[in-house]
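Colleague: This is target.pdb (PDB, C-alpha atoms, pLDDT in the B column).
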```
ATOM      1  CA  MET A  10     116.958 109.303 172.606  1.00 83.00           C
ATOM      2  CA  LYS A  11     119.507 112.141 172.533  1.00 86.00           C
ATOM      3  CA  THR A  12     117.735 113.721 169.540  1.00 90.00           C
ATOM      4  CA  LEU A  13     114.366 113.404 171.300  1.00 90.00           C
ATOM      5  CA  ILE A  14     115.680 115.145 174.426  1.00 93.00           C
ATOM      6  CA  ILE A  15     117.135 118.000 172.341  1.00 93.00           C
ATOM      7  CA  SER A  16     113.837 118.341 170.470  1.00 94.00           C
ATOM      8  CA  LEU A  17     111.879 118.488 173.741  1.00 94.00           C
ATOM      9  CA  LYS A  18     114.227 121.118 175.148  1.00 94.00           C
ATOM     10  CA  ILE A  19     113.802 123.269 172.029  1.00 95.00           C
ATOM     11  CA  PHE A  20     110.029 122.743 172.163  1.00 95.00           C
ATOM     12  CA  PHE A  21     109.749 123.829 175.801  1.00 95.00           C
ATOM     13  CA  PHE A  22     112.146 126.756 175.256  1.00 95.00           C
ATOM     14  CA  PHE A  23     110.091 128.232 172.420  1.00 95.00           C
ATOM     15  CA  THR A  24     106.837 127.445 174.235  1.00 96.00           C
ATOM     16  CA  ILE A  25     107.963 129.522 177.216  1.00 96.00           C
ATOM     17  CA  LEU A  26     109.491 132.212 174.988  1.00 96.00           C
ATOM     18  CA  THR A  27     106.564 132.680 172.587  1.00 95.00           C
ATOM     19  CA  GLY A  28     103.737 131.523 174.857  1.00 95.00           C
ATOM     20  CA  VAL A  29     104.702 133.277 178.105  1.00 95.00           C
ATOM     21  CA  ILE A  30     107.599 135.732 177.938  1.00 96.00           C
ATOM     22  CA  TYR A  31     106.672 137.451 174.646  1.00 96.00           C
ATOM     23  CA  PRO A  32     102.916 137.879 175.424  1.00 95.00           C
ATOM     24  CA  VAL A  33     103.691 139.201 178.927  1.00 95.00           C
ATOM     25  CA  PHE A  34     106.284 141.612 177.514  1.00 95.00           C
ATOM     26  CA  VAL A  35     104.005 142.914 174.739  1.00 94.00           C
ATOM     27  CA  THR A  36     101.017 143.193 177.105  1.00 93.00           C
ATOM     28  CA  GLY A  37     103.110 145.081 179.644  1.00 94.00           C
ATOM     29  CA  ILE A  38     104.390 147.539 177.027  1.00 94.00           C
ATOM     30  CA  ALA A  39     100.848 148.068 175.703  1.00 92.00           C
ATOM     31  CA  GLN A  40      99.437 148.684 179.183  1.00 92.00           C
ATOM     32  CA  LEU A  41     102.168 151.220 179.945  1.00 92.00           C
ATOM     33  CA  THR A  42     102.097 153.117 176.649  1.00 93.00           C
ATOM     34  CA  PHE A  43      98.537 152.730 175.290  1.00 88.00           C
ATOM     35  CA  PRO A  44      96.344 151.520 178.187  1.00 89.00           C
ATOM     36  CA  THR A  45      93.060 152.769 176.689  1.00 86.00           C
ATOM     37  CA  ASN A  46      93.644 151.155 173.309  1.00 87.00           C
ATOM     38  CA  ALA A  47      95.027 147.968 174.857  1.00 87.00           C
ATOM     39  CA  ASN A  48      91.851 147.540 176.910  1.00 89.00           C
ATOM     40  CA  GLY A  49      89.482 147.931 173.964  1.00 88.00           C
ATOM     41  CA  ASN A  50      88.718 151.670 174.095  1.00 92.00           C
ATOM     42  CA  LEU A  51      86.036 151.031 176.695  1.00 92.00           C
ATOM     43  CA  ILE A  52      83.739 153.895 177.694  1.00 92.00           C
ATOM     44  CA  VAL A  53      82.799 154.165 181.359  1.00 89.00           C
ATOM     45  CA  LYS A  54      79.828 156.162 182.653  1.00 87.00           C
ATOM     46  CA  LYS A  55      79.043 156.333 186.369  1.00 86.00           C
ATOM     47  CA  ASN A  56      81.520 153.523 187.083  1.00 89.00           C
ATOM     48  CA  LYS A  57      79.786 151.278 184.548  1.00 92.00           C
ATOM     49  CA  ILE A  58      81.077 150.167 181.144  1.00 91.00           C
ATOM     50  CA  VAL A  59      78.547 151.329 178.553  1.00 92.00           C
ATOM     51  CA  GLY A  60      80.384 150.219 175.431  1.00 92.00           C
ATOM     52  CA  SER A  61      83.495 150.546 173.314  1.00 93.00           C
ATOM     53  CA  LYS A  62      84.482 153.225 170.822  1.00 92.00           C
ATOM     54  CA  LEU A  63      85.391 150.411 168.441  1.00 92.00           C
ATOM     55  CA  ILE A  64      82.070 148.531 168.386  1.00 93.00           C
ATOM     56  CA  GLY A  65      78.745 149.921 167.219  1.00 94.00           C
ATOM     57  CA  GLN A  66      75.539 149.272 169.099  1.00 94.00           C
ATOM     58  CA  ARG A  67      71.832 149.649 168.468  1.00 93.00           C
ATOM     59  CA  PHE A  68      69.988 152.852 169.404  1.00 95.00           C
ATOM     60  CA  ASP A  69      66.238 152.614 168.778  1.00 91.00           C
ATOM     61  CA  SER A  70      65.060 155.459 171.007  1.00 94.00           C
ATOM     62  CA  VAL A  71      63.864 158.665 169.312  1.00 96.00           C
ATOM     63  CA  ILE A  72      66.023 160.718 171.694  1.00 95.00           C
ATOM     64  CA  TYR A  73      69.282 159.270 170.345  1.00 97.00           C
ATOM     65  CA  PHE A  74      71.158 159.221 167.051  1.00 97.00           C
ATOM     66  CA  SER A  75      70.694 155.971 165.131  1.00 97.00           C
ATOM     67  CA  SER A  76      73.657 153.772 164.305  1.00 96.00           C
ATOM     68  CA  ARG A  77      74.600 152.252 160.989  1.00 95.00           C
ATOM     69  CA  PRO A  78      72.604 149.085 160.174  1.00 95.00           C
ATOM     70  CA  SER A  79      74.166 145.779 161.155  1.00 94.00           C
ATOM     71  CA  ALA A  80      73.631 142.421 159.442  1.00 92.00           C
ATOM     72  CA  ILE A  81      74.539 140.586 162.660  1.00 92.00           C
ATOM     73  CA  SER A  82      72.673 142.791 165.185  1.00 91.00           C
ATOM     74  CA  TYR A  83      75.964 144.304 166.424  1.00 92.00           C
ATOM     75  CA  ASN A  84      77.098 140.951 167.849  1.00 90.00           C
ATOM     76  CA  PRO A  85      80.934 141.011 167.875  1.00 87.00           C
ATOM     77  CA  LEU A  86      81.296 137.209 167.893  1.00 87.00           C
ATOM     78  CA  PRO A  87      80.000 136.363 164.387  1.00 87.00           C
ATOM     79  CA  SER A  88      81.035 139.723 162.924  1.00 87.00           C
ATOM     80  CA  GLY A  89      80.358 140.069 159.212  1.00 89.00           C
ATOM     81  CA  GLY A  90      78.174 141.609 156.532  1.00 87.00           C
ATOM     82  CA  SER A  91      75.120 140.316 154.691  1.00 86.00           C
ATOM     83  CA  ASN A  92      77.307 139.037 151.804  1.00 86.00           C
ATOM     84  CA  PHE A  93      74.564 139.950 149.329  1.00 89.00           C
ATOM     85  CA  GLY A  94      75.856 140.767 145.847  1.00 88.00           C
ATOM     86  CA  LEU A  95      74.890 143.968 144.046  1.00 85.00           C
ATOM     87  CA  THR A  96      72.453 142.055 141.837  1.00 90.00           C
ATOM     88  CA  ASN A  97      70.808 140.227 144.740  1.00 92.00           C
ATOM     89  CA  VAL A  98      67.100 141.064 145.060  1.00 94.00           C
ATOM     90  CA  LYS A  99      67.326 140.745 148.860  1.00 93.00           C
ATOM     91  CA  LEU A 100      69.904 143.542 148.949  1.00 93.00           C
ATOM     92  CA  LYS A 101      67.586 145.858 146.992  1.00 94.00           C
ATOM     93  CA  HIS A 102      64.673 145.055 149.312  1.00 95.00           C
ATOM     94  CA  SER A 103      66.906 145.660 152.324  1.00 94.00           C
ATOM     95  CA  VAL A 104      68.098 149.032 151.017  1.00 95.00           C
ATOM     96  CA  ASP A 105      64.565 150.147 150.134  1.00 95.00           C
ATOM     97  CA  SER A 106      63.299 149.073 153.547  1.00 96.00           C
ATOM     98  CA  LEU A 107      66.103 150.829 155.434  1.00 96.00           C
ATOM     99  CA  LYS A 108      65.583 153.990 153.383  1.00 97.00           C
ATOM    100  CA  ASN A 109      61.851 154.066 154.152  1.00 97.00           C
ATOM    101  CA  GLN A 110      62.495 153.381 157.842  1.00 96.00           C
ATOM    102  CA  PHE A 111      65.057 156.183 158.075  1.00 97.00           C
ATOM    103  CA  ILE A 112      62.765 158.673 156.304  1.00 97.00           C
ATOM    104  CA  ILE A 113      59.726 157.799 158.425  1.00 97.00           C
ATOM    105  CA  PHE A 114      61.660 157.639 161.709  1.00 97.00           C
ATOM    106  CA  ASN A 115      63.236 161.052 161.135  1.00 97.00           C
ATOM    107  CA  HIS A 116      60.164 162.684 159.519  1.00 96.00           C
ATOM    108  CA  LEU A 117      62.034 163.489 156.313  1.00 97.00           C
ATOM    109  CA  ASP A 118      60.808 164.282 152.834  1.00 95.00           C
ATOM    110  CA  ASN A 119      60.594 161.250 150.551  1.00 94.00           C
ATOM    111  CA  ASN A 120      63.021 162.875 148.126  1.00 93.00           C
ATOM    112  CA  THR A 121      65.723 163.291 150.776  1.00 95.00           C
ATOM    113  CA  THR A 122      69.059 161.760 149.801  1.00 96.00           C
ATOM    114  CA  ILE A 123      70.037 159.298 152.513  1.00 97.00           C
ATOM    115  CA  PRO A 124      73.773 158.672 153.101  1.00 96.00           C
ATOM    116  CA  SER A 125      74.845 155.222 151.948  1.00 95.00           C
ATOM    117  CA  GLU A 126      76.065 154.104 155.378  1.00 95.00           C
ATOM    118  CA  MET A 127      72.493 154.277 156.681  1.00 96.00           C
ATOM    119  CA  LEU A 128      71.344 151.929 153.888  1.00 95.00           C
ATOM    120  CA  PHE A 129      74.142 149.357 153.810  1.00 94.00           C
ATOM    121  CA  ALA A 130      75.598 147.361 156.693  1.00 91.00           C
ATOM    122  CA  SER A 131      79.366 147.483 157.038  1.00 91.00           C
ATOM    123  CA  ALA A 132      81.545 144.472 156.219  1.00 90.00           C
ATOM    124  CA  SER A 133      82.010 143.748 159.927  1.00 92.00           C
ATOM    125  CA  GLY A 134      78.515 144.737 161.050  1.00 92.00           C
ATOM    126  CA  LEU A 135      80.188 146.601 163.922  1.00 94.00           C
ATOM    127  CA  ASP A 136      81.059 149.992 162.413  1.00 94.00           C
ATOM    128  CA  PRO A 137      80.548 152.557 165.219  1.00 95.00           C
ATOM    129  CA  HIS A 138      80.588 155.588 162.894  1.00 96.00           C
ATOM    130  CA  ILE A 139      78.184 157.484 160.657  1.00 96.00           C
ATOM    131  CA  SER A 140      78.778 160.535 158.487  1.00 95.00           C
ATOM    132  CA  GLN A 141      78.100 164.085 159.616  1.00 95.00           C
ATOM    133  CA  LYS A 142      75.304 164.334 157.044  1.00 96.00           C
ATOM    134  CA  ALA A 143      73.590 161.241 158.455  1.00 97.00           C
ATOM    135  CA  ALA A 144      73.766 162.768 161.929  1.00 97.00           C
ATOM    136  CA  LEU A 145      72.434 166.163 160.839  1.00 97.00           C
ATOM    137  CA  LEU A 146      69.410 164.506 159.198  1.00 97.00           C
ATOM    138  CA  GLN A 147      68.451 163.200 162.659  1.00 97.00           C
ATOM    139  CA  VAL A 148      68.783 166.479 164.572  1.00 97.00           C
ATOM    140  CA  ASP A 149      65.180 167.696 164.108  1.00 96.00           C
ATOM    141  CA  ARG A 150      63.768 164.412 165.371  1.00 97.00           C
ATOM    142  CA  ILE A 151      66.036 164.360 168.422  1.00 96.00           C
ATOM    143  CA  ALA A 152      65.435 168.017 169.316  1.00 95.00           C
ATOM    144  CA  LYS A 153      61.685 167.464 169.157  1.00 95.00           C
ATOM    145  CA  ALA A 154      61.861 164.249 171.202  1.00 95.00           C
ATOM    146  CA  ARG A 155      63.907 166.010 173.876  1.00 94.00           C
ATOM    147  CA  ASN A 156      61.590 169.051 173.909  1.00 93.00           C
ATOM    148  CA  LEU A 157      64.411 171.408 172.967  1.00 91.00           C
ATOM    149  CA  ASN A 158      63.792 174.854 171.497  1.00 91.00           C
ATOM    150  CA  SER A 159      65.679 176.336 168.524  1.00 91.00           C
ATOM    151  CA  ASP A 160      68.641 177.203 170.766  1.00 92.00           C
ATOM    152  CA  GLY A 161      68.788 173.618 171.991  1.00 91.00           C
ATOM    153  CA  LYS A 162      68.667 172.382 168.409  1.00 94.00           C
ATOM    154  CA  GLN A 163      71.608 174.622 167.501  1.00 95.00           C
ATOM    155  CA  ILE A 164      73.554 173.211 170.442  1.00 95.00           C
ATOM    156  CA  ILE A 165      72.999 169.688 169.073  1.00 95.00           C
ATOM    157  CA  ILE A 166      74.166 170.796 165.620  1.00 96.00           C
ATOM    158  CA  GLN A 167      77.300 172.333 167.110  1.00 95.00           C
ATOM    159  CA  CYS A 168      77.875 169.146 169.081  1.00 95.00           C
ATOM    160  CA  VAL A 169      77.651 167.093 165.873  1.00 96.00           C
ATOM    161  CA  LYS A 170      80.203 169.321 164.175  1.00 94.00           C
ATOM    162  CA  LYS A 171      82.499 169.284 167.211  1.00 94.00           C
ATOM    163  CA  MET A 172      82.377 165.488 167.497  1.00 93.00           C
ATOM    164  CA  THR A 173      83.155 164.932 163.796  1.00 94.00           C
ATOM    165  CA  GLU A 174      86.472 163.133 163.352  1.00 93.00           C
ATOM    166  CA  VAL A 175      88.686 163.950 160.378  1.00 88.00           C
ATOM    167  CA  PRO A 176      90.071 161.184 158.118  1.00 87.00           C
ATOM    168  CA  GLN A 177      92.915 159.209 159.671  1.00 80.00           C
ATOM    169  CA  PHE A 178      96.249 160.799 158.784  1.00 77.00           C
ATOM    170  CA  LEU A 179      94.098 163.388 156.953  1.00 76.00           C
ATOM    171  CA  CYS A 180      93.799 161.063 153.944  1.00 81.00           C
ATOM    172  CA  LEU A 181      92.373 157.681 154.986  1.00 80.00           C
ATOM    173  CA  GLY A 182      88.600 157.357 155.037  1.00 81.00           C
ATOM    174  CA  GLU A 183      86.102 160.192 155.402  1.00 86.00           C
ATOM    175  CA  ASP A 184      84.824 162.541 158.097  1.00 91.00           C
ATOM    176  CA  ARG A 185      82.907 160.461 160.616  1.00 94.00           C
ATOM    177  CA  ILE A 186      81.184 160.556 163.997  1.00 96.00           C
ATOM    178  CA  ASN A 187      81.197 157.874 166.689  1.00 96.00           C
ATOM    179  CA  VAL A 188      77.511 157.344 167.480  1.00 97.00           C
ATOM    180  CA  LEU A 189      77.965 156.103 171.056  1.00 96.00           C
ATOM    181  CA  VAL A 190      80.225 159.022 171.983  1.00 95.00           C
ATOM    182  CA  LEU A 191      77.820 161.469 170.318  1.00 96.00           C
ATOM    183  CA  ASN A 192      74.828 160.068 172.207  1.00 95.00           C
ATOM    184  CA  LEU A 193      76.682 160.352 175.511  1.00 94.00           C
ATOM    185  CA  GLU A 194      77.352 164.013 174.686  1.00 93.00           C
ATOM    186  CA  LEU A 195      73.630 164.420 174.001  1.00 91.00           C
ATOM    187  CA  ASP A 196      72.839 163.341 177.548  1.00 90.00           C
ATOM    188  CA  LYS A 197      75.272 165.946 178.857  1.00 86.00           C
ATOM    189  CA  ILE A 198      73.493 168.653 176.830  1.00 81.00           C
ATOM    190  CA  ASP A 199      70.137 167.530 178.166  1.00 68.00           C
ATOM    191  CA  ALA A 200      71.441 167.488 181.730  1.00 61.00           C
ATOM    192  CA  GLY A 201      72.830 170.993 181.291  1.00 59.00           C
ATOM    193  CA  ASN A 202      69.522 172.325 180.010  1.00 63.00           C
ATOM    194  CA  ASN A 203      67.625 170.707 182.865  1.00 56.00           C
ATOM    195  CA  SER A 204      70.044 172.251 185.352  1.00 51.00           C
ATOM    196  CA  LYS A 205      69.475 175.728 183.894  1.00 56.00           C
ATOM    197  CA  THR A 206      65.720 175.246 184.002  1.00 50.00           C
ATOM    198  CA  THR A 207      65.911 174.196 187.662  1.00 48.00           C
ATOM    199  CA  ASN A 208      68.078 177.179 188.598  1.00 50.00           C
ATOM    200  CA  ASN A 209      65.704 179.557 186.874  1.00 52.00           C
TER
END
```
In structure tokens, what does this structure look like?

Modeller:
Amino acid sequence: MKTLIISLKIFFFFTILTGVIYPVFVTGIAQLTFPTNANGNLIVKKNKIVGSKLIGQRFDSVIYFSSRPSAISYNPLPSGGSNFGLTNVKLKHSVDSLKNQFIIFNHLDNNTTIPSEMLFASASGLDPHISQKAALLQVDRIAKARNLNSDGKQIIIQCVKKMTEVPQFLCLGEDRINVLVLNLELDKIDAGNNSKTTNN
């Protein structure tokens, strides 16, 4: 009985320590030092959460930049890739289909080299980034869809370059652009152009 009581005391002590005190302490530190990261890097527009910088989402409209393909339709719960091997016929069909879709959607020449991230889903299916090249290949389509002139197109190109993130610690990964953040900047450009037109 004495051993049982000691065991229960130890059990309850560590339950409170690791299940209550430690989580509260770590959460408090995170909220004080890195509140944005601790809350999931959420993006708020007009007092409404429109997404997270960490999770990709689908953009089908011609007025927005397209995201990287997702094998799980950008659903964060069953995150994962297609798991097709390099010799799998389904993977080849998928790549060919995505390439044709990207070329047709963006009115590109059939011989255009398409960046690999627009042909293959990421391992998580939630990658929010694309390369600068993939973004620049979409500029003509977006400028046309938004009825922008050559000056407006140049503004979009400059926006793409400005929003390009360098590799982490200057050595991990490649240059990349967060598609959601870029599309939100697009709306600001459009709003600015509309405001100028109204004032004129």

Colleague: I'd like to see the residues matched by the PyMOL selection byres ((chain A and resi 131-136) around 9) on this file, and ideally I'd get them as a PyMOL selection string.

Modeller: chain A and resi 63-66+76-85+87-92+126+129-130+137-139+187

Colleague: Just how far from CA of Ser70 (chain A) is CA of His102 (chain A), in Å to one decimal?

Modeller: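 Here the two named atoms are 24.1 Å from each other.
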
Colleague: So the first atom is CA of Arg155 (chain A) and the second is CA of Ile72 (chain A); what is the distance between them in Å, to one decimal place?

Modeller: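 Taking CA of Arg155 (chain A) and CA of Ile72 (chain A), their separation equals 6.1 Å.
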
Colleague: Just how far from CA of Asn156 (chain A) is CA of Val169 (chain A), in Å to one decimal?

Modeller: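 For CA of Val169 (chain A) relative to CA of Asn156 (chain A), the distance reads 18.1 Å.
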
Colleague: For Leu128 (chain A), list every protein, DNA or RNA residue within 8 Å, evaluated using all atoms listed in the file, and leave out those in the same chain fewer than 6 positions away; present the list as an MDAnalysis selection string.

Modeller: chainID A and resid 77:78 103:105 107:108

Colleague: Which of these residues is nearest to Gln141 (chain A), using only C-alpha atoms: A:Cys168, A:Ala154, A:Val35, A:Ile186?

Modeller: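 Selected residue with least distance to Gln141 (chain A): A:Ile186.
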
Colleague: Just so the selection is clear, what residues does the PyMOL selection byres ((chain A and resi 115) around 9) cover here, as a PDB file with C-alpha atoms, in the frame of the given file?

Modeller:
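The resulting file, part.pdb, is shown below:
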```pdb
ATOM      1  CA  VAL A  71      63.864 158.665 169.312  1.00 96.00           C
ATOM      2  CA  GLN A 110      62.495 153.381 157.842  1.00 96.00           C
ATOM      3  CA  PHE A 111      65.057 156.183 158.075  1.00 97.00           C
ATOM      4  CA  ILE A 112      62.765 158.673 156.304  1.00 97.00           C
ATOM      5  CA  ILE A 113      59.726 157.799 158.425  1.00 97.00           C
ATOM      6  CA  PHE A 114      61.660 157.639 161.709  1.00 97.00           C
ATOM      7  CA  HIS A 116      60.164 162.684 159.519  1.00 96.00           C
ATOM      8  CA  LEU A 117      62.034 163.489 156.313  1.00 97.00           C
ATOM      9  CA  LEU A 146      69.410 164.506 159.198  1.00 97.00           C
ATOM     10  CA  GLN A 147      68.451 163.200 162.659  1.00 97.00           C
ATOM     11  CA  VAL A 148      68.783 166.479 164.572  1.00 97.00           C
ATOM     12  CA  ASP A 149      65.180 167.696 164.108  1.00 96.00           C
ATOM     13  CA  ARG A 150      63.768 164.412 165.371  1.00 97.00           C
ATOM     14  CA  ILE A 151      66.036 164.360 168.422  1.00 96.00           C
TER      15      ILE A 151
END
```
